[in-house]
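A quick write-up on the structure given underneath.
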Amino acid sequence: MSASSQLLPHEHTLSLKTEVLVDVLTHVENILIIQDLDGVCMGLVKDPLTRVIDRNYVKATQAFEGHFYVLTNGEHIGERGVNGIIERAFGNPAEVKAKGMYLPGLAGGGVQWQDRQGNVSHPGVSEAELEFLAEVPQIIKRRLRRFFEQRSTAAEIENLEDCIQASVLENKASPSANLNTFYDQLREYPQIYMDLQKDMQNLMQELLQEAKIRGLSDSFFVHYAPNLGRDLNGQELLRPAQGQDSGTTDFQFMLQGAIKEAGVLGILNRYYFQRTGSYPLGEEFNVRQAPKTLEELLALVKENFDPKDMPLMIGVGDTVNSSVEDIQGRLTVRRGGSDRNFLQLIQTIGRELDTGNIIVYIDSSQGEVKNRKSVKIGQHETSGDEIVVLEGPGDVRDVDEPLTLNFVFHKGHQQYSQFFQKAAREREASDHR
């Protein structure tokens with residue numbers, strides 16, 4: 001027996017042996033899967049309206065009823081919501097609702113809750129906040145038109161108005177500008193694209209100021225995806241485009257408290273109610289009431305959740321980045337990614353409570369959106385098995401990376417989808433459905 005096979009699942013590091021995970025998902029009854037969506041079970045695309053999902057994957061999630069929840073910065077509802085993608089995959093919205101095939105969990109970073117039947121609510125969100133958010137998409141469209149009206153490059157862009165329509169996400173709780181389409185159109189004009197990034201960043205700051213004037217000073221924040229982590233004030237850092245890396249493409253105007261790590265507590269609170277009949281944080285708890293730091297969130301878990309009922313949690317994401325930059329002769333580490341903090345919290349809970357929580361990483365670099373660093377695969381010198389190679393010769397890497405990725409799906413969302421369907425079949429055949 002190899003040393004690797006003797007490891008417990010949570011002791012693996014960058015493992016490609018995903019068959020170990022199938023065994024966990026099949027035989028562990030008290031399990032809680034918290035999973036991102038874009039790049040994980042759907043490919044990353046330039047135009048969010050073209051996203052598709054495998055309906056067999058959707059069906060497979062039902063094998064984990066009560067043990068599977070999504071946690072995404074996207075939304076369940078609206079023209080670009082995941083519900084519409086699922087309805088198109090099945091071709092019959094009535095069937096999707098009747099059979100409970102909507103994906104349960106939190107969207108909008110944690111402020112939009114949905115059950116299997118597609119019933120949606122926005123816990124802790126006021127009407128005044130929703131009204132302000134409803135104005136944002138048109139403001140973004142006007143700003144994009146103004147940006148290109150001032151530049152002759154606009155003539156080089158095919159169907160400018162179509163690009164604008166594709167780039168503005170009219171989400172109810174998280175209206176956004178998605179620049180993937182423009183990045184593709186502006187490949188020969190990198191400075192114009194970087195100027196566009198900066199202009200969208202400026203617009204987001206202007207929106208925050210306008211909200212403050214209207215008495216909503218503590219209502220919103222801006223999420224950049226991907227990003228370079230947070231500054232000392234807790235504000236996310238823009239990731240500028242560089243070479244073939246498009247940098248930050250999503251500028252999401254979001255509600256304060258709508259951060260994925262807080263969403264972990266929101267899901268865990270509901271999960272405990274399912275199993276015990278009581279909410280550790282109270283029935284009315286929502287992510288907007290949660291503290292902001294990982295340390296405070298962890299303390300809240302340790303103070304309120306009975307360890308004997310704590311599930312083995314599996315966090316699944318694709319947006320985790322870390323880079324080491326030479327800034328004026330000093331090496332500076334930048335850690336970011338939309339999924340980093342929620343995965344880190346799940347892992348830390350597992351270590352603190354000794355539950356063996358598992359972190360799963362999906363390499364989403366094969367999609368249309370080229371802002372994800374691909375996983376490098378090599379061969380083990382002795383066994384010849386495929387292994388993850390962290391860096392090539394001469395590269396500088398983040399040796400103090402705090403997040404351990406236990407299992408890696410290096411072939412992307414399709415590999416993960418097939419794996420998940422296999423695990424679902426085996427779980428249904430076991431006693432732990």
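Please note that chains go A, B, ... in the order of the structure tokens, that every chain numbers its residues from 1, and that ligands are numbered from 1 in the order shown.
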inquiry  = Using only C-alpha atoms, which protein or nucleic acid residues come within 8 Å of region 52-59 of chain A? Drop anything in the same chain fewer than 3 positions from it, and give the result as a PyMOL selection string.
reply    = chain A and resi 41-43+62-63+85-86+89-90+101-103+417-418+420-421
Just write the chosen residues, N, CA, C and O atoms, as a CSV table (one decimal), in the first residue's frame.
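The file below, out.csv, is the result:
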chain,number,residue,atom,x,y,z
A,41,CYS,N,-19.2,23.7,-12.1
A,41,CYS,CA,-20.0,22.8,-12.8
A,41,CYS,C,-20.5,23.4,-14.1
A,41,CYS,O,-21.3,22.8,-14.8
A,42,MET,N,-20.0,24.6,-14.4
A,42,MET,CA,-20.3,25.2,-15.7
A,42,MET,C,-19.0,25.8,-16.2
A,42,MET,O,-18.2,26.3,-15.4
A,43,GLY,N,-18.8,25.8,-17.5
A,43,GLY,CA,-17.6,26.4,-18.1
A,43,GLY,C,-17.7,28.0,-18.0
A,43,GLY,O,-18.7,28.5,-18.1
A,62,GLN,N,-29.6,15.8,-6.5
A,62,GLN,CA,-30.7,15.4,-5.7
A,62,GLN,C,-30.3,14.2,-4.8
A,62,GLN,O,-31.0,13.9,-3.8
A,63,ALA,N,-29.3,13.5,-5.2
A,63,ALA,CA,-28.9,12.3,-4.4
A,63,ALA,C,-28.3,12.8,-3.1
A,63,ALA,O,-28.1,12.0,-2.1
A,85,ILE,N,-30.8,28.9,-16.7
A,85,ILE,CA,-29.9,28.0,-17.4
A,85,ILE,C,-30.4,26.6,-17.2
A,85,ILE,O,-30.4,25.8,-18.1
A,86,ILE,N,-30.8,26.3,-16.0
A,86,ILE,CA,-31.4,24.9,-15.7
A,86,ILE,C,-32.7,24.7,-16.4
A,86,ILE,O,-32.9,23.6,-17.0
A,89,ALA,N,-31.9,23.9,-19.9
A,89,ALA,CA,-31.3,22.5,-20.0
A,89,ALA,C,-32.3,21.5,-20.1
A,89,ALA,O,-32.2,20.5,-20.8
A,90,PHE,N,-33.4,21.7,-19.3
A,90,PHE,CA,-34.5,20.7,-19.3
A,90,PHE,C,-35.6,21.0,-20.3
A,90,PHE,O,-36.4,20.1,-20.7
A,101,MET,N,-35.8,20.7,-9.0
A,101,MET,CA,-34.4,20.6,-9.6
A,101,MET,C,-33.7,21.9,-9.6
A,101,MET,O,-32.6,22.0,-10.2
A,102,TYR,N,-34.2,23.0,-9.0
A,102,TYR,CA,-33.4,24.2,-8.8
A,102,TYR,C,-32.3,23.9,-7.8
A,102,TYR,O,-32.5,23.0,-6.9
A,103,LEU,N,-31.2,24.6,-7.9
A,103,LEU,CA,-30.1,24.3,-6.9
A,103,LEU,C,-30.3,25.2,-5.7
A,103,LEU,O,-30.4,26.4,-5.7
A,417,SER,N,-18.0,17.3,-13.1
A,417,SER,CA,-19.4,16.9,-13.3
A,417,SER,C,-19.6,15.4,-13.4
A,417,SER,O,-20.5,14.8,-12.8
A,418,GLN,N,-18.7,14.8,-14.2
A,418,GLN,CA,-18.7,13.3,-14.3
A,418,GLN,C,-18.4,12.6,-13.0
A,418,GLN,O,-19.1,11.6,-12.6
A,420,PHE,N,-19.0,13.9,-10.0
A,420,PHE,CA,-20.2,14.1,-9.1
A,420,PHE,C,-21.3,13.2,-9.5
A,420,PHE,O,-22.0,12.6,-8.6
A,421,GLN,N,-21.5,12.9,-10.7
A,421,GLN,CA,-22.6,12.0,-11.1
A,421,GLN,C,-22.3,10.6,-10.7
A,421,GLN,O,-23.2,9.8,-10.3
message = Report as an NGL selection string all protein, DNA and RNA residues lying within 8 Å of region 234-236 of chain A, evaluated on only C-alpha atoms, omitting residues in the same chain fewer than 5 positions from it.
response = :A and (222-224 or 227-229)
request  = Check region 223-429 of chain A with DSSP on the backbone and list each residue it calls strand (DSSP E or B), as an MDAnalysis selection string.
outcome  = chainID A and resid 223:225 227:230 236:238 242 245 250:255 312:317 321:327 330:336 358:362 376:379 386:389 407:409
Spatial neighbours of Leu169 (chain A), max dist 10 Å, only C-alpha atoms, sep filter under 6 positions, as a PyMOL selection string = chain A and resi 47-49+74+78-81+136-137+140-141+175-178+250-252
Emit the selected residues as a CSV table (one decimal), in the first residue's frame, including all heavy atoms.
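Everything below was put into selection00.csv:
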chain,number,residue,atom,x,y,z
A,47,ASP,N,-19.7,35.6,-22.6
A,47,ASP,CA,-21.0,36.2,-22.4
A,47,ASP,C,-21.8,35.2,-21.5
A,47,ASP,O,-22.1,34.1,-21.8
A,47,ASP,CB,-21.7,36.2,-23.8
A,47,ASP,CG,-23.1,36.9,-23.7
A,47,ASP,OD1,-23.6,37.1,-22.5
A,47,ASP,OD2,-23.7,37.1,-24.7
A,48,PRO,N,-22.1,35.7,-20.3
A,48,PRO,CA,-22.9,34.9,-19.3
A,48,PRO,C,-24.2,34.3,-19.9
A,48,PRO,O,-24.7,33.3,-19.4
A,48,PRO,CB,-23.1,35.8,-18.1
A,48,PRO,CG,-22.0,36.8,-18.2
A,48,PRO,CD,-21.8,37.0,-19.7
A,49,LEU,N,-24.8,35.0,-20.9
A,49,LEU,CA,-26.0,34.5,-21.4
A,49,LEU,C,-25.9,33.2,-22.2
A,49,LEU,O,-26.8,32.5,-22.5
A,49,LEU,CB,-26.6,35.5,-22.4
A,49,LEU,CG,-27.4,36.7,-21.7
A,49,LEU,CD1,-27.7,37.7,-22.8
A,49,LEU,CD2,-28.6,36.2,-21.0
A,74,GLY,N,-22.9,34.9,-8.2
A,74,GLY,CA,-23.9,35.1,-9.2
A,74,GLY,C,-25.3,35.1,-8.6
A,74,GLY,O,-25.4,35.2,-7.4
A,78,GLY,N,-33.4,36.1,-12.6
A,78,GLY,CA,-33.0,37.1,-13.6
A,78,GLY,C,-32.6,36.5,-14.9
A,78,GLY,O,-32.4,35.2,-15.0
A,79,GLU,N,-32.4,37.3,-15.9
A,79,GLU,CA,-32.1,36.9,-17.2
A,79,GLU,C,-30.8,36.0,-17.3
A,79,GLU,O,-30.7,35.1,-18.1
A,79,GLU,CB,-31.9,38.1,-18.2
A,79,GLU,CG,-31.6,37.8,-19.6
A,79,GLU,CD,-31.4,39.0,-20.5
A,79,GLU,OE1,-31.0,40.1,-19.9
A,79,GLU,OE2,-31.7,38.9,-21.7
A,80,ARG,N,-29.8,36.4,-16.4
A,80,ARG,CA,-28.6,35.6,-16.4
A,80,ARG,C,-28.5,34.7,-15.2
A,80,ARG,O,-27.4,34.2,-14.9
A,80,ARG,CB,-27.4,36.6,-16.4
A,80,ARG,CG,-27.2,37.3,-17.8
A,80,ARG,CD,-26.1,38.4,-17.7
A,80,ARG,NE,-25.8,38.9,-19.0
A,80,ARG,CZ,-26.4,39.9,-19.6
A,80,ARG,NH1,-27.5,40.4,-19.1
A,80,ARG,NH2,-26.0,40.3,-20.8
A,81,GLY,N,-29.5,34.5,-14.5
A,81,GLY,CA,-29.5,33.6,-13.3
A,81,GLY,C,-29.4,32.2,-13.7
A,81,GLY,O,-29.7,31.7,-14.8
A,136,VAL,N,-28.7,50.6,-11.0
A,136,VAL,CA,-27.3,50.4,-11.3
A,136,VAL,C,-27.1,49.9,-12.7
A,136,VAL,O,-26.2,50.5,-13.4
A,136,VAL,CB,-26.6,49.5,-10.3
A,136,VAL,CG1,-25.2,49.2,-10.7
A,136,VAL,CG2,-26.6,50.2,-8.9
A,137,PRO,N,-27.8,48.9,-13.3
A,137,PRO,CA,-27.5,48.5,-14.6
A,137,PRO,C,-27.6,49.6,-15.7
A,137,PRO,O,-26.7,49.6,-16.6
A,137,PRO,CB,-28.6,47.4,-14.9
A,137,PRO,CG,-28.9,46.9,-13.5
A,137,PRO,CD,-28.8,48.1,-12.6
A,140,ILE,N,-24.5,51.7,-15.5
A,140,ILE,CA,-23.3,51.1,-16.1
A,140,ILE,C,-23.4,51.2,-17.6
A,140,ILE,O,-22.3,51.5,-18.3
A,140,ILE,CB,-23.2,49.6,-15.7
A,140,ILE,CG1,-23.0,49.5,-14.1
A,140,ILE,CG2,-22.0,48.9,-16.3
A,140,ILE,CD1,-23.1,48.1,-13.6
A,141,LYS,N,-24.5,51.0,-18.2
A,141,LYS,CA,-24.7,51.0,-19.7
A,141,LYS,C,-24.3,52.4,-20.2
A,141,LYS,O,-23.6,52.6,-21.2
A,141,LYS,CB,-26.1,50.7,-20.1
A,141,LYS,CG,-26.4,49.2,-19.9
A,141,LYS,CD,-27.8,48.9,-20.3
A,141,LYS,CE,-28.2,47.4,-20.1
A,141,LYS,NZ,-29.6,47.1,-20.5
A,175,PRO,N,-26.0,43.8,-9.3
A,175,PRO,CA,-25.8,44.3,-10.6
A,175,PRO,C,-24.3,44.4,-10.9
A,175,PRO,O,-23.5,44.8,-10.0
A,175,PRO,CB,-26.5,45.6,-10.7
A,175,PRO,CG,-26.6,46.0,-9.2
A,175,PRO,CD,-26.7,44.8,-8.4
A,176,SER,N,-23.9,44.0,-12.1
A,176,SER,CA,-22.4,43.9,-12.4
A,176,SER,C,-22.1,44.4,-13.8
A,176,SER,O,-22.9,44.3,-14.7
A,176,SER,CB,-21.9,42.5,-12.2
A,176,SER,OG,-22.4,42.0,-11.0
A,177,ALA,N,-20.8,44.7,-14.0
A,177,ALA,CA,-20.2,44.9,-15.3
A,177,ALA,C,-19.3,43.7,-15.5
A,177,ALA,O,-18.4,43.5,-14.7
A,177,ALA,CB,-19.5,46.2,-15.4
A,178,ASN,N,-19.4,43.0,-16.6
A,178,ASN,CA,-18.6,41.9,-16.9
A,178,ASN,C,-17.9,42.2,-18.2
A,178,ASN,O,-18.5,42.4,-19.3
A,178,ASN,CB,-19.4,40.6,-17.1
A,178,ASN,CG,-18.6,39.4,-17.5
A,178,ASN,OD1,-17.9,39.4,-18.5
A,178,ASN,ND2,-18.8,38.3,-16.8
A,250,ASP,N,-14.9,41.2,-13.7
A,250,ASP,CA,-16.3,41.4,-13.1
A,250,ASP,C,-16.2,42.4,-12.0
A,250,ASP,O,-15.4,42.3,-11.1
A,250,ASP,CB,-16.8,40.1,-12.5
A,250,ASP,CG,-17.2,39.1,-13.5
A,250,ASP,OD1,-16.7,39.1,-14.6
A,250,ASP,OD2,-18.1,38.2,-13.2
A,251,PHE,N,-17.0,43.5,-12.2
A,251,PHE,CA,-17.1,44.5,-11.2
A,251,PHE,C,-18.6,44.4,-10.6
A,251,PHE,O,-19.5,44.9,-11.3
A,251,PHE,CB,-16.9,45.9,-11.9
A,251,PHE,CG,-15.5,46.0,-12.5
A,251,PHE,CD1,-15.2,45.4,-13.6
A,251,PHE,CD2,-14.6,46.9,-11.9
A,251,PHE,CE1,-13.9,45.5,-14.2
A,251,PHE,CE2,-13.3,47.0,-12.4
A,251,PHE,CZ,-13.0,46.3,-13.5
A,252,GLN,N,-18.7,43.9,-9.4
A,252,GLN,CA,-20.0,43.6,-8.9
A,252,GLN,C,-20.3,44.5,-7.7
A,252,GLN,O,-19.6,44.6,-6.8
A,252,GLN,CB,-20.0,42.1,-8.4
A,252,GLN,CG,-19.9,41.1,-9.5
A,252,GLN,CD,-20.0,39.7,-9.0
A,252,GLN,OE1,-19.0,39.1,-8.5
A,252,GLN,NE2,-21.1,39.1,-9.1
query = Counting only C-alpha atoms, what is within 6 Å of Asn73 (chain A), bar same-chain residues fewer than 5 positions away, as a PyMOL selection string?
reply = chain A and resi 107-109
key: Lys212 (chain A) surroundings by only C-alpha atoms, 12 Å radius, close-in-sequence under 6 positions cut, as a PyMOL selection string   = chain A and resi 129+132+205-206+218-221
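Computed from the coordinates, the CA of Gln415 (chain A) to CA of Leu345 (chain A) distance equals 25.4 Å.
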ask   = Looking at only C-alpha atoms, which of A:Gln35, A:Thr332, A:Gln138, A:Asn92 is the one that sits closest to Pro104 (chain A)?
value =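 Going through A:Gln35, A:Thr332, A:Gln138, A:Asn92 one by one, the smallest distance to Pro104 (chain A) is for A:Gln35.
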task = Looking only at helix (DSSP H, G or I) from DSSP on the backbone, list the matching residues of region 161-232 of chain A as a ChimeraX atom specification.
result = /A:161-167,180-185,190-213
request  = Work out how far CA of Leu255 (chain A) is from CA of Ile314 (chain A), in Å to one decimal.
outcome  =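 Distance between the two atoms: 26.0 Å.
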request  = Could you check how far CA of Lys97 (chain A) sits from CA of Thr61 (chain A), in Å to one decimal?
outcome  = 14.7 Å
task = Kindly indicate which residue among A:Thr355, A:Thr248, A:Ser338, A:Thr293 lies nearest to Asn321 (chain A), using only C-alpha atoms for the distances.
result =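 Nearest candidate to Asn321 (chain A) out of A:Thr355, A:Thr248, A:Ser338, A:Thr293: A:Ser338.
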Residues near Val316 (chain A), cut-off 8 Å, only C-alpha atoms, skip fewer than 3 positions along chain, as an NGL selection string = :A and (33-36 or 40 or 343 or 359-362)
inquiry  = Excluding Arg187 (chain A) and its own-chain neighbours fewer than 6 positions away, which residues fall within 10 Å of it when counting only C-alpha atoms? Please give them as a list in words.
reply    = Tyr193, Gly243, Gln244 and Ser246 of chain A
Using only C-alpha atoms: which of A:Gly105, A:Pro9, A:Gly39, A:Gly336 has the shortest distance to Gly412 (chain A) = A:Gly39
task = Rank nothing, just name the residue among A:Glu303, A:Glu131, A:Asp199, A:Glu19 nearest to Phe147 (chain A), using only C-alpha atoms.
result = A:Asp199
